[in-house]
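Participant: Got a structure for you, coords17.pdb, holding PDB, C-alpha atoms, pLDDT in the B column.
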ATOM      1  CA  MET A   1       8.177   0.070 -27.298  1.00 68.00           C
ATOM      2  CA  MET A   2       5.507  -2.333 -26.065  1.00 82.00           C
ATOM      3  CA  HIS A   3       3.399  -1.249 -23.113  1.00 94.00           C
ATOM      4  CA  THR A   4       2.544  -3.600 -20.264  1.00 95.00           C
ATOM      5  CA  LEU A   5      -0.445  -3.763 -17.967  1.00 95.00           C
ATOM      6  CA  ALA A   6       1.795  -2.378 -15.197  1.00 94.00           C
ATOM      7  CA  ASP A   7       2.155   0.871 -17.230  1.00 94.00           C
ATOM      8  CA  LEU A   8      -1.588   1.654 -17.209  1.00 95.00           C
ATOM      9  CA  HIS A   9      -3.305   4.120 -14.882  1.00 94.00           C
ATOM     10  CA  VAL A  10      -6.634   3.562 -13.104  1.00 95.00           C
ATOM     11  CA  GLY A  11      -9.482   3.913 -15.596  1.00 95.00           C
ATOM     12  CA  GLU A  12      -7.377   3.176 -18.671  1.00 96.00           C
ATOM     13  CA  GLN A  13      -8.376   0.396 -21.057  1.00 97.00           C
ATOM     14  CA  ALA A  14      -6.176  -1.719 -23.276  1.00 96.00           C
ATOM     15  CA  GLU A  15      -6.128  -4.810 -25.453  1.00 96.00           C
ATOM     16  CA  ILE A  16      -4.006  -7.789 -24.408  1.00 95.00           C
ATOM     17  CA  MET A  17      -1.388  -8.438 -27.098  1.00 96.00           C
ATOM     18  CA  GLY A  18       0.760 -11.173 -25.535  1.00 94.00           C
ATOM     19  CA  PHE A  19       2.908 -12.297 -22.623  1.00 95.00           C
ATOM     20  CA  THR A  20       6.601 -12.288 -21.715  1.00 93.00           C
ATOM     21  CA  ASP A  21       6.500 -15.090 -19.102  1.00 91.00           C
ATOM     22  CA  GLU A  22       5.462 -18.432 -20.609  1.00 89.00           C
ATOM     23  CA  LEU A  23       4.766 -20.188 -17.293  1.00 90.00           C
ATOM     24  CA  LEU A  24       2.701 -17.341 -15.852  1.00 91.00           C
ATOM     25  CA  SER A  25       0.881 -16.893 -19.165  1.00 91.00           C
ATOM     26  CA  LEU A  26      -0.710 -20.335 -18.810  1.00 91.00           C
ATOM     27  CA  LYS A  27      -2.319 -19.292 -15.513  1.00 91.00           C
ATOM     28  CA  LEU A  28      -3.422 -15.961 -16.978  1.00 90.00           C
ATOM     29  CA  LEU A  29      -4.949 -17.655 -20.020  1.00 90.00           C
ATOM     30  CA  GLU A  30      -6.962 -19.935 -17.731  1.00 89.00           C
ATOM     31  CA  MET A  31      -8.302 -16.823 -15.954  1.00 89.00           C
ATOM     32  CA  GLY A  32      -9.550 -15.251 -19.198  1.00 88.00           C
ATOM     33  CA  CYS A  33      -6.595 -13.045 -20.084  1.00 91.00           C
ATOM     34  CA  LEU A  34      -6.522 -14.021 -23.737  1.00 93.00           C
ATOM     35  CA  PRO A  35      -4.756 -12.068 -26.493  1.00 94.00           C
ATOM     36  CA  GLY A  36      -7.291  -9.768 -28.123  1.00 94.00           C
ATOM     37  CA  THR A  37      -9.296  -9.353 -24.893  1.00 94.00           C
ATOM     38  CA  TRP A  38     -10.044  -5.814 -23.708  1.00 96.00           C
ATOM     39  CA  ILE A  39      -9.185  -5.028 -20.094  1.00 96.00           C
ATOM     40  CA  GLU A  40      -9.537  -2.041 -17.783  1.00 96.00           C
ATOM     41  CA  LEU A  41      -7.398  -1.164 -14.775  1.00 97.00           C
ATOM     42  CA  THR A  42     -10.041  -0.481 -12.117  1.00 96.00           C
ATOM     43  CA  HIS A  43      -8.146  -0.272  -8.795  1.00 95.00           C
ATOM     44  CA  GLN A  44      -4.630   0.204  -7.511  1.00 95.00           C
ATOM     45  CA  ALA A  45      -3.470  -0.106  -3.901  1.00 93.00           C
ATOM     46  CA  PRO A  46      -2.048   3.071  -2.289  1.00 90.00           C
ATOM     47  CA  PHE A  47       1.559   1.980  -2.823  1.00 88.00           C
ATOM     48  CA  GLY A  48       0.813   0.612  -6.311  1.00 83.00           C
ATOM     49  CA  ASP A  49       0.650  -3.108  -5.528  1.00 89.00           C
ATOM     50  CA  PRO A  50      -1.601  -5.063  -6.016  1.00 94.00           C
ATOM     51  CA  ILE A  51      -3.845  -3.902  -8.865  1.00 96.00           C
ATOM     52  CA  ALA A  52      -7.294  -5.010 -10.023  1.00 97.00           C
ATOM     53  CA  ILE A  53      -8.451  -5.303 -13.622  1.00 96.00           C
ATOM     54  CA  LYS A  54     -11.798  -5.931 -15.221  1.00 96.00           C
ATOM     55  CA  VAL A  55     -11.459  -8.788 -17.720  1.00 93.00           C
ATOM     56  CA  SER A  56     -13.994 -11.156 -19.289  1.00 87.00           C
ATOM     57  CA  GLY A  57     -16.813  -9.866 -17.071  1.00 90.00           C
ATOM     58  CA  TYR A  58     -15.117 -10.144 -13.679  1.00 93.00           C
ATOM     59  CA  THR A  59     -12.477  -8.418 -11.556  1.00 95.00           C
ATOM     60  CA  LEU A  60      -9.046 -10.010 -11.295  1.00 94.00           C
ATOM     61  CA  SER A  61      -6.428  -8.940  -8.755  1.00 95.00           C
ATOM     62  CA  MET A  62      -2.706  -9.404  -9.360  1.00 94.00           C
ATOM     63  CA  ARG A  63       0.693  -8.166  -8.327  1.00 94.00           C
ATOM     64  CA  LYS A  64       2.349  -5.424 -10.352  1.00 94.00           C
ATOM     65  CA  GLU A  65       5.197  -7.866 -11.068  1.00 93.00           C
ATOM     66  CA  GLU A  66       2.698 -10.204 -12.768  1.00 94.00           C
ATOM     67  CA  ALA A  67       1.058  -7.300 -14.624  1.00 94.00           C
ATOM     68  CA  ALA A  68       4.454  -6.378 -16.090  1.00 94.00           C
ATOM     69  CA  THR A  69       4.441  -9.689 -18.019  1.00 94.00           C
ATOM     70  CA  ILE A  70       1.236  -8.819 -19.914  1.00 95.00           C
ATOM     71  CA  GLN A  71       1.863  -6.830 -23.100  1.00 96.00           C
ATOM     72  CA  VAL A  72      -0.993  -4.480 -23.990  1.00 97.00           C
ATOM     73  CA  LYS A  73      -2.025  -1.931 -26.602  1.00 95.00           C
ATOM     74  CA  PRO A  74      -3.682   1.040 -24.833  1.00 91.00           C
ATOM     75  CA  LEU A  75      -6.824   2.586 -26.357  1.00 85.00           C
TER
END
Now that the file is in, can you turn its structure into structure tokens?
Facilitator:
Amino acid sequence: MMHTLADLHVGEQAEIMGFTDELLSLKLLEMGCLPGTWIELTHQAPFGDPIAIKVSGYTLSMRKEEAATIQVKPL
């Protein structure tokens, strides 16, 4: 079973493996979410949405629905 970014807990790190949504993946690629890039879930809103990740030297915020399209390999 492949994990997604939405499965991670605050403080966990993972490597981006791929995407399940082709259209959204283009936007994510432009923002530095490239396969092979290491990311860390740094913040999560009280009700779980949105989340913030550290990627490519900056913090990126996204909805949990978007995070569920990013396949990752946890450390």
Participant: Exactly which residues make up the result of the PyMOL selection byres ((chain A and resi 25) around 12) on this file, given as a list in words?
Facilitator: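 On the file shown, the PyMOL selection byres ((chain A and resi 25) around 12) covers Ile16, Met17, Gly18, Phe19, Thr20, Asp21, Glu22, Leu23, Leu24, Leu26, Lys27, Leu28, Leu29, Glu30, Met31, Gly32, Cys33, Leu34, Pro35, Glu66, Ala67, Ala68, Thr69, Ile70 and Gln71 of chain A.
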Participant: For Ala52 of chain A, which of A:Pro74, A:Gly11, A:Gly36, A:Thr4 is the closest residue, counting all atoms listed in the file?
Facilitator: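 Closest residue, counting all atoms listed in the file: A:Gly11.
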Participant: Could you tell me, as an NGL selection string, exactly which residues end up selected when the PyMOL selection byres ((chain A and resi 8) around 12) is applied to this structure?
Facilitator: :A and (3-7 or 9-15 or 39-44 or 48 or 51-53 or 64 or 67-68 or 70-75)
Participant: Any chance you could work out the axis-aligned box around segment 57-71 of chain A, listed atoms only, 3 Å on each side, giving centre and edge lengths in Å to one decimal, as lines of an AutoDock Vina configuration file?
Facilitator:
center_x = -5.8
center_y = -7.8
center_z = -15.7
size_x = 28.0
size_y = 10.8
size_z = 20.8
Participant: Only N, CA and C atoms, as a PDB file, in the first residue's frame: that is what I want for segment 20-45 of chain A.
Facilitator:
ATOM      1  N   THR A  20      -1.116  11.149  -7.969  1.00  0.00           N
ATOM      2  CA  THR A  20      -2.273  10.432  -8.508  1.00  0.00           C
ATOM      3  C   THR A  20      -3.176  11.332  -9.340  1.00  0.00           C
ATOM      4  N   ASP A  21      -2.992  12.653  -9.252  1.00  0.00           N
ATOM      5  CA  ASP A  21      -3.802  13.612 -10.004  1.00  0.00           C
ATOM      6  C   ASP A  21      -2.890  14.358 -10.973  1.00  0.00           C
ATOM      7  N   GLU A  22      -3.020  14.058 -12.257  1.00  0.00           N
ATOM      8  CA  GLU A  22      -2.115  14.629 -13.265  1.00  0.00           C
ATOM      9  C   GLU A  22      -2.211  16.147 -13.341  1.00  0.00           C
ATOM     10  N   LEU A  23      -3.401  16.699 -13.310  1.00  0.00           N
ATOM     11  CA  LEU A  23      -3.576  18.151 -13.411  1.00  0.00           C
ATOM     12  C   LEU A  23      -2.982  18.868 -12.201  1.00  0.00           C
ATOM     13  N   LEU A  24      -3.287  18.389 -11.010  1.00  0.00           N
ATOM     14  CA  LEU A  24      -2.751  18.989  -9.797  1.00  0.00           C
ATOM     15  C   LEU A  24      -1.242  18.796  -9.701  1.00  0.00           C
ATOM     16  N   SER A  25      -0.737  17.686 -10.228  1.00  0.00           N
ATOM     17  CA  SER A  25       0.700  17.424 -10.149  1.00  0.00           C
ATOM     18  C   SER A  25       1.512  18.489 -10.882  1.00  0.00           C
ATOM     19  N   LEU A  26       0.991  19.050 -11.938  1.00  0.00           N
ATOM     20  CA  LEU A  26       1.709  20.102 -12.662  1.00  0.00           C
ATOM     21  C   LEU A  26       1.927  21.315 -11.766  1.00  0.00           C
ATOM     22  N   LYS A  27       0.904  21.698 -11.016  1.00  0.00           N
ATOM     23  CA  LYS A  27       1.029  22.830 -10.083  1.00  0.00           C
ATOM     24  C   LYS A  27       2.016  22.499  -8.964  1.00  0.00           C
ATOM     25  N   LEU A  28       1.945  21.276  -8.447  1.00  0.00           N
ATOM     26  CA  LEU A  28       2.838  20.871  -7.372  1.00  0.00           C
ATOM     27  C   LEU A  28       4.287  20.818  -7.847  1.00  0.00           C
ATOM     28  N   LEU A  29       4.508  20.351  -9.045  1.00  0.00           N
ATOM     29  CA  LEU A  29       5.862  20.315  -9.609  1.00  0.00           C
ATOM     30  C   LEU A  29       6.441  21.720  -9.714  1.00  0.00           C
ATOM     31  N   GLU A  30       5.619  22.670 -10.142  1.00  0.00           N
ATOM     32  CA  GLU A  30       6.063  24.061 -10.256  1.00  0.00           C
ATOM     33  C   GLU A  30       6.424  24.653  -8.897  1.00  0.00           C
ATOM     34  N   MET A  31       5.846  24.117  -7.826  1.00  0.00           N
ATOM     35  CA  MET A  31       6.110  24.624  -6.473  1.00  0.00           C
ATOM     36  C   MET A  31       7.237  23.860  -5.783  1.00  0.00           C
ATOM     37  N   GLY A  32       7.929  22.986  -6.505  1.00  0.00           N
ATOM     38  CA  GLY A  32       9.080  22.287  -5.950  1.00  0.00           C
ATOM     39  C   GLY A  32       8.810  20.907  -5.399  1.00  0.00           C
ATOM     40  N   CYS A  33       7.608  20.406  -5.568  1.00  0.00           N
ATOM     41  CA  CYS A  33       7.283  19.059  -5.095  1.00  0.00           C
ATOM     42  C   CYS A  33       7.638  18.042  -6.175  1.00  0.00           C
ATOM     43  N   LEU A  34       8.910  17.777  -6.310  1.00  0.00           N
ATOM     44  CA  LEU A  34       9.406  16.880  -7.342  1.00  0.00           C
ATOM     45  C   LEU A  34       9.613  15.480  -6.774  1.00  0.00           C
ATOM     46  N   PRO A  35       9.372  14.436  -7.570  1.00  0.00           N
ATOM     47  CA  PRO A  35       9.677  13.086  -7.094  1.00  0.00           C
ATOM     48  C   PRO A  35      11.141  13.004  -6.671  1.00  0.00           C
ATOM     49  N   GLY A  36      11.375  12.361  -5.535  1.00  0.00           N
ATOM     50  CA  GLY A  36      12.717  12.254  -4.984  1.00  0.00           C
ATOM     51  C   GLY A  36      13.036  13.331  -3.959  1.00  0.00           C
ATOM     52  N   THR A  37      12.185  14.340  -3.846  1.00  0.00           N
ATOM     53  CA  THR A  37      12.383  15.434  -2.886  1.00  0.00           C
ATOM     54  C   THR A  37      11.910  15.006  -1.502  1.00  0.00           C
ATOM     55  N   TRP A  38      12.699  15.358  -0.479  1.00  0.00           N
ATOM     56  CA  TRP A  38      12.320  15.063   0.902  1.00  0.00           C
ATOM     57  C   TRP A  38      11.446  16.196   1.428  1.00  0.00           C
ATOM     58  N   ILE A  39      10.395  15.830   2.152  1.00  0.00           N
ATOM     59  CA  ILE A  39       9.473  16.798   2.719  1.00  0.00           C
ATOM     60  C   ILE A  39       9.250  16.480   4.194  1.00  0.00           C
ATOM     61  N   GLU A  40       8.753  17.467   4.921  1.00  0.00           N
ATOM     62  CA  GLU A  40       8.408  17.262   6.330  1.00  0.00           C
ATOM     63  C   GLU A  40       7.086  17.954   6.616  1.00  0.00           C
ATOM     64  N   LEU A  41       6.175  17.243   7.242  1.00  0.00           N
ATOM     65  CA  LEU A  41       4.904  17.836   7.666  1.00  0.00           C
ATOM     66  C   LEU A  41       5.186  18.652   8.926  1.00  0.00           C
ATOM     67  N   THR A  42       5.050  19.963   8.843  1.00  0.00           N
ATOM     68  CA  THR A  42       5.429  20.833   9.959  1.00  0.00           C
ATOM     69  C   THR A  42       4.247  21.337  10.778  1.00  0.00           C
ATOM     70  N   HIS A  43       3.085  21.530  10.170  1.00  0.00           N
ATOM     71  CA  HIS A  43       1.920  22.064  10.880  1.00  0.00           C
ATOM     72  C   HIS A  43       0.641  21.422  10.354  1.00  0.00           C
ATOM     73  N   GLN A  44      -0.333  21.345  11.240  1.00  0.00           N
ATOM     74  CA  GLN A  44      -1.654  20.856  10.854  1.00  0.00           C
ATOM     75  C   GLN A  44      -2.689  21.658  11.644  1.00  0.00           C
ATOM     76  N   ALA A  45      -3.691  22.160  10.960  1.00  0.00           N
ATOM     77  CA  ALA A  45      -4.755  22.926  11.615  1.00  0.00           C
ATOM     78  C   ALA A  45      -5.490  22.038  12.629  1.00  0.00           C
TER      79      ALA A  45
END
